[in-house]
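coords19.txt (compact mmCIF, C-alpha atoms) appears below.
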# COMPACT_ATOMS: atom_id res chain seq x y z
CA MET A 7 28.00 -45.43 -54.15
CA ARG A 8 26.46 -45.71 -50.64
CA LYS A 9 29.22 -43.44 -49.23
CA ARG A 10 28.53 -40.77 -51.85
CA ARG A 11 24.80 -40.96 -51.15
CA ASN A 12 25.32 -40.69 -47.40
CA GLY A 13 27.69 -37.77 -47.93
CA ALA A 14 25.06 -35.97 -50.02
CA ILE A 15 22.44 -36.53 -47.32
CA LEU A 16 24.82 -35.22 -44.63
CA THR A 17 25.66 -32.16 -46.73
CA ALA A 18 21.97 -31.40 -47.24
CA ALA A 19 21.25 -31.76 -43.52
CA VAL A 20 24.06 -29.40 -42.59
CA SER A 21 22.80 -26.89 -45.14
CA ILE A 22 19.29 -27.01 -43.66
CA ILE A 23 20.70 -26.46 -40.15
CA ILE A 24 22.77 -23.49 -41.33
CA ILE A 25 19.78 -21.94 -43.12
CA THR A 26 17.55 -22.46 -40.05
CA VAL A 27 20.09 -20.97 -37.64
CA SER A 28 20.71 -18.03 -39.97
CA ALA A 29 17.00 -17.33 -40.24
CA ALA A 30 16.60 -17.50 -36.47
CA TRP A 31 19.56 -15.17 -35.95
CA SER A 32 18.16 -12.76 -38.50
CA GLN A 33 14.74 -12.82 -36.79
CA GLN A 34 16.36 -12.25 -33.39
CA ARG A 35 18.21 -9.20 -34.67
CA THR A 36 15.01 -7.70 -36.11
CA THR A 37 12.78 -8.46 -33.07
CA PRO A 38 11.79 -5.33 -31.11
CA PRO A 39 13.59 -4.77 -27.78
CA ALA A 40 12.49 -6.81 -24.77
CA THR A 41 10.89 -3.73 -23.27
CA ALA A 42 8.39 -3.64 -26.13
CA GLY A 43 7.35 -7.20 -25.32
CA LEU A 44 7.10 -6.35 -21.63
CA GLN A 45 4.90 -3.35 -22.41
CA ALA A 46 2.66 -5.55 -24.53
CA ASN A 47 2.32 -8.02 -21.64
CA VAL A 48 1.44 -5.18 -19.25
CA GLN A 49 -1.21 -3.83 -21.64
CA ALA A 50 -2.65 -7.31 -22.08
CA ALA A 51 -2.78 -7.77 -18.29
CA GLN A 52 -4.54 -4.44 -17.89
CA ARG A 53 -7.14 -5.42 -20.46
CA ALA A 54 -7.67 -8.82 -18.85
CA ALA A 55 -7.82 -7.62 -15.22
CA ARG A 56 -11.38 -6.28 -15.26
CA ILE A 57 -14.58 -7.13 -13.46
CA GLY A 58 -17.95 -5.68 -14.31
CA GLY A 59 -16.35 -3.17 -16.65
CA HIS A 60 -13.88 -1.88 -14.04
CA PRO A 61 -10.28 -2.80 -13.17
CA ASN A 62 -10.18 -5.81 -10.85
CA PHE A 63 -8.61 -4.95 -7.48
CA ASN A 64 -9.50 -8.24 -5.80
CA GLY A 65 -6.54 -9.66 -3.92
CA ILE A 66 -4.12 -9.16 -1.05
CA TRP A 67 -1.94 -6.05 -1.27
CA GLN A 68 0.89 -4.52 0.73
CA ALA A 69 3.00 -1.37 0.78
CA MET A 70 6.76 -2.02 0.76
CA ASN A 71 8.24 1.12 2.33
CA THR A 72 8.80 2.93 5.64
CA ALA A 73 5.63 5.06 5.54
CA ASN A 74 4.27 3.50 8.73
CA TRP A 75 7.44 4.60 10.50
CA ASN A 76 7.47 8.14 9.16
CA LEU A 77 5.86 9.69 6.08
CA GLU A 78 8.63 12.27 5.94
CA ALA A 79 12.25 11.51 5.03
CA HIS A 80 14.17 10.27 8.06
CA SER A 81 17.45 8.67 9.10
CA ALA A 82 17.90 5.39 10.93
CA GLU A 83 17.60 5.90 14.67
CA GLY A 84 17.74 3.83 17.84
CA VAL A 85 14.91 3.95 20.38
CA GLN A 86 16.16 4.48 23.91
CA GLU A 87 12.95 3.21 25.52
CA LEU A 88 13.34 -0.07 23.63
CA TRP A 89 17.05 -0.53 24.31
CA ARG A 90 16.63 -4.20 25.17
CA GLY A 91 15.75 -4.83 21.54
CA GLY A 92 19.01 -3.37 20.28
CA ALA A 93 19.11 -3.13 16.50
CA ILE A 94 15.87 -5.11 16.21
CA THR A 95 13.81 -2.17 17.49
CA ALA A 96 15.73 0.57 15.66
CA ILE A 97 13.85 2.84 13.27
CA PRO A 98 14.85 2.15 9.63
CA ALA A 99 15.78 5.04 7.35
CA GLY A 100 13.29 6.05 4.70
CA LYS A 101 12.54 8.63 2.03
CA SER A 102 9.65 11.07 1.95
CA MET A 103 6.35 9.56 0.88
CA LEU A 104 4.96 12.98 -0.01
CA LYS A 105 4.28 13.56 -3.68
CA GLY A 106 7.20 15.66 -4.90
CA GLY A 107 9.07 15.09 -1.63
CA GLY A 108 9.33 17.55 1.22
CA THR A 109 7.58 17.69 4.58
CA ILE A 110 4.01 17.88 5.85
CA PRO A 111 2.71 21.49 5.75
CA TYR A 112 1.69 21.81 9.42
CA LEU A 113 0.28 24.96 10.95
CA SER A 114 2.45 26.36 13.76
CA ASP A 115 0.33 25.00 16.62
CA ALA A 116 -0.08 21.64 14.90
CA ILE A 117 3.67 21.08 14.56
CA LYS A 118 3.95 21.54 18.32
CA GLN A 119 1.37 18.80 18.85
CA ARG A 120 3.23 16.55 16.38
CA ASN A 121 6.45 17.06 18.34
CA GLU A 122 4.62 16.28 21.59
CA ASN A 123 3.30 13.06 20.07
CA ARG A 124 6.77 12.09 18.94
CA ALA A 125 8.36 12.81 22.29
CA HIS A 126 6.14 10.24 24.02
CA TRP A 127 6.35 7.49 21.40
CA PRO A 128 5.90 4.51 21.43
CA GLY A 129 3.47 4.43 24.35
CA SER A 130 1.44 7.35 23.00
CA ASP A 131 0.96 5.81 19.54
CA PRO A 132 -2.60 4.52 19.04
CA GLU A 133 -1.03 1.55 17.24
CA ALA A 134 0.69 0.52 20.49
CA LYS A 135 -2.72 0.46 22.18
CA CYS A 136 -4.31 -1.67 19.43
CA TYR A 137 -6.65 1.10 18.31
CA MET A 138 -7.80 1.09 14.71
CA LEU A 139 -5.29 2.89 12.51
CA GLY A 140 -7.63 5.05 10.43
CA ILE A 141 -7.25 6.16 6.84
CA PRO A 142 -4.80 6.40 5.15
CA ARG A 143 -2.48 4.67 7.66
CA ALA A 144 -4.27 1.34 7.41
CA THR A 145 -3.27 1.17 3.74
CA TYR A 146 0.50 1.39 4.30
CA HIS A 147 0.71 -0.37 7.66
CA ASN A 148 3.36 -3.07 7.72
CA MET A 149 0.74 -5.81 7.39
CA PRO A 150 -1.02 -6.61 4.10
CA PHE A 151 -4.71 -5.98 3.49
CA GLN A 152 -7.33 -7.53 1.25
CA ILE A 153 -9.74 -5.96 -1.22
CA PHE A 154 -13.08 -7.62 -2.01
CA GLN A 155 -14.70 -6.24 -5.15
CA GLY A 156 -17.92 -7.34 -6.80
CA ALA A 157 -19.19 -6.69 -10.29
CA GLY A 158 -20.40 -3.32 -11.45
CA ASP A 159 -20.87 -0.56 -8.90
CA ALA A 160 -21.49 -2.77 -5.86
CA ASP A 161 -20.05 -1.74 -2.49
CA MET A 162 -16.53 -2.97 -1.81
CA LEU A 163 -14.83 -4.22 1.35
CA MET A 164 -11.28 -3.77 2.61
CA VAL A 165 -10.04 -5.99 5.45
CA TYR A 166 -6.92 -5.46 7.58
CA PRO A 167 -5.37 -7.97 10.04
CA PHE A 168 -4.31 -5.41 12.66
CA ALA A 169 -7.01 -4.92 15.31
CA ALA A 170 -9.46 -6.77 13.03
CA MET A 171 -10.04 -3.57 11.04
CA GLN A 172 -12.38 -3.43 8.08
CA ARG A 173 -14.16 -0.77 6.11
CA VAL A 174 -17.03 -0.84 3.65
CA ILE A 175 -16.44 1.27 0.55
CA TYR A 176 -19.87 2.67 -0.27
CA THR A 177 -20.66 3.40 -3.91
CA LYS A 178 -24.23 4.69 -3.52
CA ASP A 179 -24.75 5.74 0.11
CA LYS A 180 -23.26 9.24 0.44
CA THR A 181 -24.70 10.14 3.86
CA GLU A 182 -22.44 11.05 6.78
CA LEU A 183 -22.07 8.95 9.92
CA PRO A 184 -24.14 10.00 12.94
CA VAL A 185 -20.91 10.04 15.01
CA ASP A 186 -17.23 10.04 14.09
CA SER A 187 -15.31 6.77 14.27
CA TRP A 188 -11.74 5.48 14.02
CA MET A 189 -12.14 4.43 10.37
CA GLY A 190 -14.69 7.04 9.32
CA LYS A 191 -16.92 6.54 6.31
CA SER A 192 -15.49 5.76 2.87
CA MET A 193 -17.40 6.53 -0.33
CA ALA A 194 -16.20 5.56 -3.80
CA ALA A 195 -16.62 6.72 -7.38
CA TRP A 196 -14.91 5.69 -10.60
CA GLN A 197 -12.98 8.22 -12.64
CA GLY A 198 -12.21 6.23 -15.75
CA ASP A 199 -10.15 3.26 -14.54
CA THR A 200 -9.19 4.95 -11.26
CA LEU A 201 -11.07 4.11 -8.06
CA VAL A 202 -11.45 7.33 -6.04
CA ILE A 203 -12.39 6.92 -2.37
CA THR A 204 -13.31 9.85 -0.13
CA THR A 205 -13.18 9.22 3.62
CA ILE A 206 -14.76 11.54 6.19
CA ASN A 207 -16.03 11.32 9.79
CA GLN A 208 -12.80 10.05 11.34
CA ASN A 209 -12.47 10.87 15.03
CA GLY A 210 -9.04 12.52 14.84
CA ARG A 211 -7.52 10.21 17.45
CA SER A 212 -5.42 8.10 15.08
CA TRP A 213 -1.92 8.95 13.89
CA LEU A 214 -0.57 8.85 10.35
CA ASP A 215 2.60 7.00 11.34
CA ARG A 216 4.85 6.10 14.28
CA ALA A 217 6.57 9.50 14.10
CA GLY A 218 3.58 11.29 15.62
CA ASN A 219 2.26 12.83 12.40
CA TYR A 220 -1.47 13.28 12.76
CA ALA A 221 -4.68 14.96 11.59
CA SER A 222 -7.80 16.28 13.30
CA ALA A 223 -11.41 15.15 13.07
CA ASN A 224 -11.84 17.70 10.26
CA LEU A 225 -9.72 15.55 7.92
CA THR A 226 -10.97 14.55 4.49
CA VAL A 227 -8.90 11.89 2.73
CA THR A 228 -9.18 11.36 -1.02
CA GLU A 229 -7.53 8.12 -2.14
CA ARG A 230 -6.84 7.14 -5.74
CA PHE A 231 -6.27 3.48 -6.65
CA THR A 232 -5.00 2.97 -10.21
CA LEU A 233 -4.14 -0.51 -11.48
CA MET A 234 -0.72 -0.29 -13.16
CA ASP A 235 -0.79 -4.00 -14.08
CA LYS A 236 -2.35 -7.05 -12.45
CA ASP A 237 0.14 -7.05 -9.56
CA HIS A 238 0.74 -3.33 -8.91
CA ILE A 239 -1.48 -0.44 -7.81
CA ARG A 240 -0.48 3.22 -7.96
CA TYR A 241 -1.80 4.62 -4.68
CA GLU A 242 -2.28 8.28 -3.85
CA ALA A 243 -3.96 9.88 -0.84
CA THR A 244 -4.63 13.60 -0.53
CA LEU A 245 -5.17 14.92 3.01
CA ASN A 246 -7.20 18.09 3.48
CA ASP A 247 -7.49 19.36 7.06
CA PRO A 248 -7.55 23.18 7.44
CA THR A 249 -7.36 22.78 11.22
CA THR A 250 -3.96 21.09 11.02
CA TYR A 251 -2.35 21.88 7.65
CA SER A 252 -1.74 25.09 5.72
CA ARG A 253 -2.78 23.37 2.47
CA PRO A 254 -3.83 19.94 1.19
CA TRP A 255 -0.96 17.52 0.55
CA THR A 256 -0.60 14.13 -1.10
CA ILE A 257 1.29 10.91 -0.45
CA GLU A 258 2.02 8.41 -3.21
CA MET A 259 3.43 4.90 -3.35
CA PRO A 260 2.97 1.59 -5.17
CA LEU A 261 1.08 -1.29 -3.61
CA TYR A 262 2.18 -4.83 -4.41
CA ARG A 263 -0.01 -7.89 -4.80
CA ILE A 264 0.94 -10.83 -2.57
CA VAL A 265 1.39 -13.63 -5.08
CA ASP A 266 2.41 -16.42 -2.69
CA GLU A 267 0.56 -19.66 -3.29
CA ASN A 268 -2.50 -19.90 -1.03
CA ALA A 269 -1.89 -16.38 0.31
CA GLN A 270 -4.28 -15.37 3.08
CA LEU A 271 -4.64 -12.79 5.83
CA LEU A 272 -4.01 -13.95 9.39
CA GLU A 273 -5.78 -12.11 12.19
CA HIS A 274 -3.79 -9.96 14.59
CA LYS A 275 -6.20 -9.39 17.47
CA CYS A 276 -3.83 -7.33 19.55
CA VAL A 277 -6.05 -6.23 22.47
CA PRO A 278 -4.59 -8.78 24.94
CA PHE A 279 -1.10 -7.42 24.27
CA THR A 280 -1.96 -3.92 25.47
CA ASP A 281 -3.09 -4.57 29.04
CA ASN A 282 0.21 -3.60 30.68
CA LEU A 283 0.38 -0.38 28.67
CA ILE A 284 -3.20 0.81 29.00
CA TYR A 285 -3.93 -0.30 32.57
CA GLN A 286 -0.54 0.22 34.19
CA ASP A 287 -2.09 2.71 36.62
CA LEU A 288 -4.42 -0.03 37.91
CA PHE A 289 -1.95 -2.84 38.45
CA LYS A 290 1.75 -3.50 38.35
CA PRO A 291 2.71 -4.42 34.75
CA LYS A 292 3.99 -7.93 34.27
CA PRO A 293 7.70 -8.06 33.35
Structure encoded using structure tokens:
Amino acid sequence: MRKRRNGAILTAAVSIIIITVSAAWSQQRTTPPATAGLQANVQAAQRAARIGGHPNFNGIWQAMNTANWNLEAHSAEGVQELWRGGAITAIPAGKSMLKGGGTIPYLSDAIKQRNENRAHWPGSDPEAKCYMLGIPRATYHNMPFQIFQGAGDADMLMVYPFAAMQRVIYTKDKTELPVDSWMGKSMAAWQGDTLVITTINQNGRSWLDRAGNYASANLTVTERFTLMDKDHIRYEATLNDPTTYSRPWTIEMPLYRIVDENAQLLEHKCVPFTDNLIYQDLFKPKP
């Protein structure tokens, strides 16, 4: 009698397990593809990542590409002047960062100046001399940067480790600077959920990359920051400089949030490293 009762209990348990597994398998087969769930997560993150009614850009961000080496498509290349570094100092290959691909639309005289810049790299690069990198280069330099954003339409701040650079993003003050500067003046406005920053009053002494690409003091840069999800920004920068280019042109790339635990910027005050380069005509450089 006890054996029959135990057998009935066992049979019932097995039946319940079979029914449960079958239901789970049926639900799995009817669940939307994983991409639908991913899209839902992205949309939820976009809704949650807001501050004062705007997308929240607070955090540490970095470009992951070769734009600081050369905005145009380029092959890997050794650097004769840095031969002691071997492969360590070689230029990595990279694709064009221009929107739609292609090359920078230089005027004929401007391309000659670009080639002159390139011929004397690295010593002629303002980066080598620890000068501020200017806009847009500071954004895609090989070091991360941090965005500080308050609520509403308050001014914002962007901080960069290299040369202790920083720039205030003005939301109300639209006046020009009394004199041009390395970083110029940046003024912001919201277009929907896109932060649009216009930078003017740069001094024209910075380069766009290590390949000698450059702009004059007549440059106007219009940047567009669009939050794709909480950890990715779609970044675009349109450069308009009639003195140097035949038409405005745009670069585009994603920016990635640094998600390391306790992530922070570390200063790179590089002035002491430039003495031999800048003052070599005054004293014999140290080996």
Review point. Using all atoms listed in the file, which of the listed residues (A:Lys236, A:Arg90, A:Lys135, A:His80) sits closest to Val277 in chain A?
Key: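 The answer is A:Lys135, which sits nearest to Val277 in chain A.
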For Ala79 in chain A, the closest of A:Met162, A:Thr280, A:Arg216, A:Thr109 counting all atoms listed in the file is A:Thr109
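Ranking A:Thr181, A:Thr72, A:Ser212, A:Thr145 by their shortest atom-to-atom distance to Val165 in chain A, with only C-alpha atoms included, puts A:Thr145 first.
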Taking (-7.3, 7.1, 9.0) in the file's coordinates as the center, which residues reach within 12 Å of it, counting only C-alpha atoms, put as a PDB file with C-alpha atoms, in the coordinates of the input?
ATOM      1  CA  PRO A 132      -2.600   4.520  19.040  1.00  0.00           C
ATOM      2  CA  GLU A 133      -1.030   1.550  17.240  1.00  0.00           C
ATOM      3  CA  TYR A 137      -6.650   1.100  18.310  1.00  0.00           C
ATOM      4  CA  MET A 138      -7.800   1.090  14.710  1.00  0.00           C
ATOM      5  CA  LEU A 139      -5.290   2.890  12.510  1.00  0.00           C
ATOM      6  CA  GLY A 140      -7.630   5.050  10.430  1.00  0.00           C
ATOM      7  CA  ILE A 141      -7.250   6.160   6.840  1.00  0.00           C
ATOM      8  CA  PRO A 142      -4.800   6.400   5.150  1.00  0.00           C
ATOM      9  CA  ARG A 143      -2.480   4.670   7.660  1.00  0.00           C
ATOM     10  CA  ALA A 144      -4.270   1.340   7.410  1.00  0.00           C
ATOM     11  CA  THR A 145      -3.270   1.170   3.740  1.00  0.00           C
ATOM     12  CA  TYR A 146       0.500   1.390   4.300  1.00  0.00           C
ATOM     13  CA  HIS A 147       0.710  -0.370   7.660  1.00  0.00           C
ATOM     14  CA  MET A 171     -10.040  -3.570  11.040  1.00  0.00           C
ATOM     15  CA  GLN A 172     -12.380  -3.430   8.080  1.00  0.00           C
ATOM     16  CA  ARG A 173     -14.160  -0.770   6.110  1.00  0.00           C
ATOM     17  CA  ASP A 186     -17.230  10.040  14.090  1.00  0.00           C
ATOM     18  CA  SER A 187     -15.310   6.770  14.270  1.00  0.00           C
ATOM     19  CA  TRP A 188     -11.740   5.480  14.020  1.00  0.00           C
ATOM     20  CA  MET A 189     -12.140   4.430  10.370  1.00  0.00           C
ATOM     21  CA  GLY A 190     -14.690   7.040   9.320  1.00  0.00           C
ATOM     22  CA  LYS A 191     -16.920   6.540   6.310  1.00  0.00           C
ATOM     23  CA  SER A 192     -15.490   5.760   2.870  1.00  0.00           C
ATOM     24  CA  THR A 204     -13.310   9.850  -0.130  1.00  0.00           C
ATOM     25  CA  THR A 205     -13.180   9.220   3.620  1.00  0.00           C
ATOM     26  CA  ILE A 206     -14.760  11.540   6.190  1.00  0.00           C
ATOM     27  CA  ASN A 207     -16.030  11.320   9.790  1.00  0.00           C
ATOM     28  CA  GLN A 208     -12.800  10.050  11.340  1.00  0.00           C
ATOM     29  CA  ASN A 209     -12.470  10.870  15.030  1.00  0.00           C
ATOM     30  CA  GLY A 210      -9.040  12.520  14.840  1.00  0.00           C
ATOM     31  CA  ARG A 211      -7.520  10.210  17.450  1.00  0.00           C
ATOM     32  CA  SER A 212      -5.420   8.100  15.080  1.00  0.00           C
ATOM     33  CA  TRP A 213      -1.920   8.950  13.890  1.00  0.00           C
ATOM     34  CA  LEU A 214      -0.570   8.850  10.350  1.00  0.00           C
ATOM     35  CA  ASP A 215       2.600   7.000  11.340  1.00  0.00           C
ATOM     36  CA  ASN A 219       2.260  12.830  12.400  1.00  0.00           C
ATOM     37  CA  TYR A 220      -1.470  13.280  12.760  1.00  0.00           C
ATOM     38  CA  ALA A 221      -4.680  14.960  11.590  1.00  0.00           C
ATOM     39  CA  SER A 222      -7.800  16.280  13.300  1.00  0.00           C
ATOM     40  CA  ALA A 223     -11.410  15.150  13.070  1.00  0.00           C
ATOM     41  CA  ASN A 224     -11.840  17.700  10.260  1.00  0.00           C
ATOM     42  CA  LEU A 225      -9.720  15.550   7.920  1.00  0.00           C
ATOM     43  CA  THR A 226     -10.970  14.550   4.490  1.00  0.00           C
ATOM     44  CA  VAL A 227      -8.900  11.890   2.730  1.00  0.00           C
ATOM     45  CA  THR A 228      -9.180  11.360  -1.020  1.00  0.00           C
ATOM     46  CA  GLU A 229      -7.530   8.120  -2.140  1.00  0.00           C
ATOM     47  CA  ALA A 243      -3.960   9.880  -0.840  1.00  0.00           C
ATOM     48  CA  THR A 244      -4.630  13.600  -0.530  1.00  0.00           C
ATOM     49  CA  LEU A 245      -5.170  14.920   3.010  1.00  0.00           C
TER      50      LEU A 245
END
**Asked** Using all atoms listed in the file, which residues sit within 10 Å of Gly58 in chain A once same-chain residues fewer than 4 positions away are excluded, as a list in words?
**Response**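 Contacts, in chain order: Asn62, Gln155, Gly156, Ala157, Gly158, Asp159 and Ala160 of chain A.
Distances to Thr177 in chain A were evaluated for A:Met164, A:Met234, A:Ala96, A:Ala194 using only C-alpha atoms, and the minimum falls at A:Ala194.
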Quiz prompt | Which residue of A:Leu261, A:Ile117, A:Ala217, A:Ala269 approaches His238 in chain A most closely, using only C-alpha atoms | solution =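 Residue with the minimum atom-to-atom distance to His238 in chain A: A:Leu261.
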Centre and edge lengths, as AutoDock Vina command-line options, for the axis-aligned box enclosing every listed atom of range 254-267 of chain A with 5 Å of padding on each of the six sides, in Å to one decimal?
--center_x -0.2 --center_y 0.1 --center_z -2.0 --size_x 17.3 --size_y 49.6 --size_z 16.4
- Pick out the residues sitting within 8 Å of range 99-103 of chain A, and hand them over as a ChimeraX atom specification; count all atoms listed in the file, and ignore anything fewer than 2 positions along from it in its own chain. /A:71-73,76-83,97,105,107-109,257-259
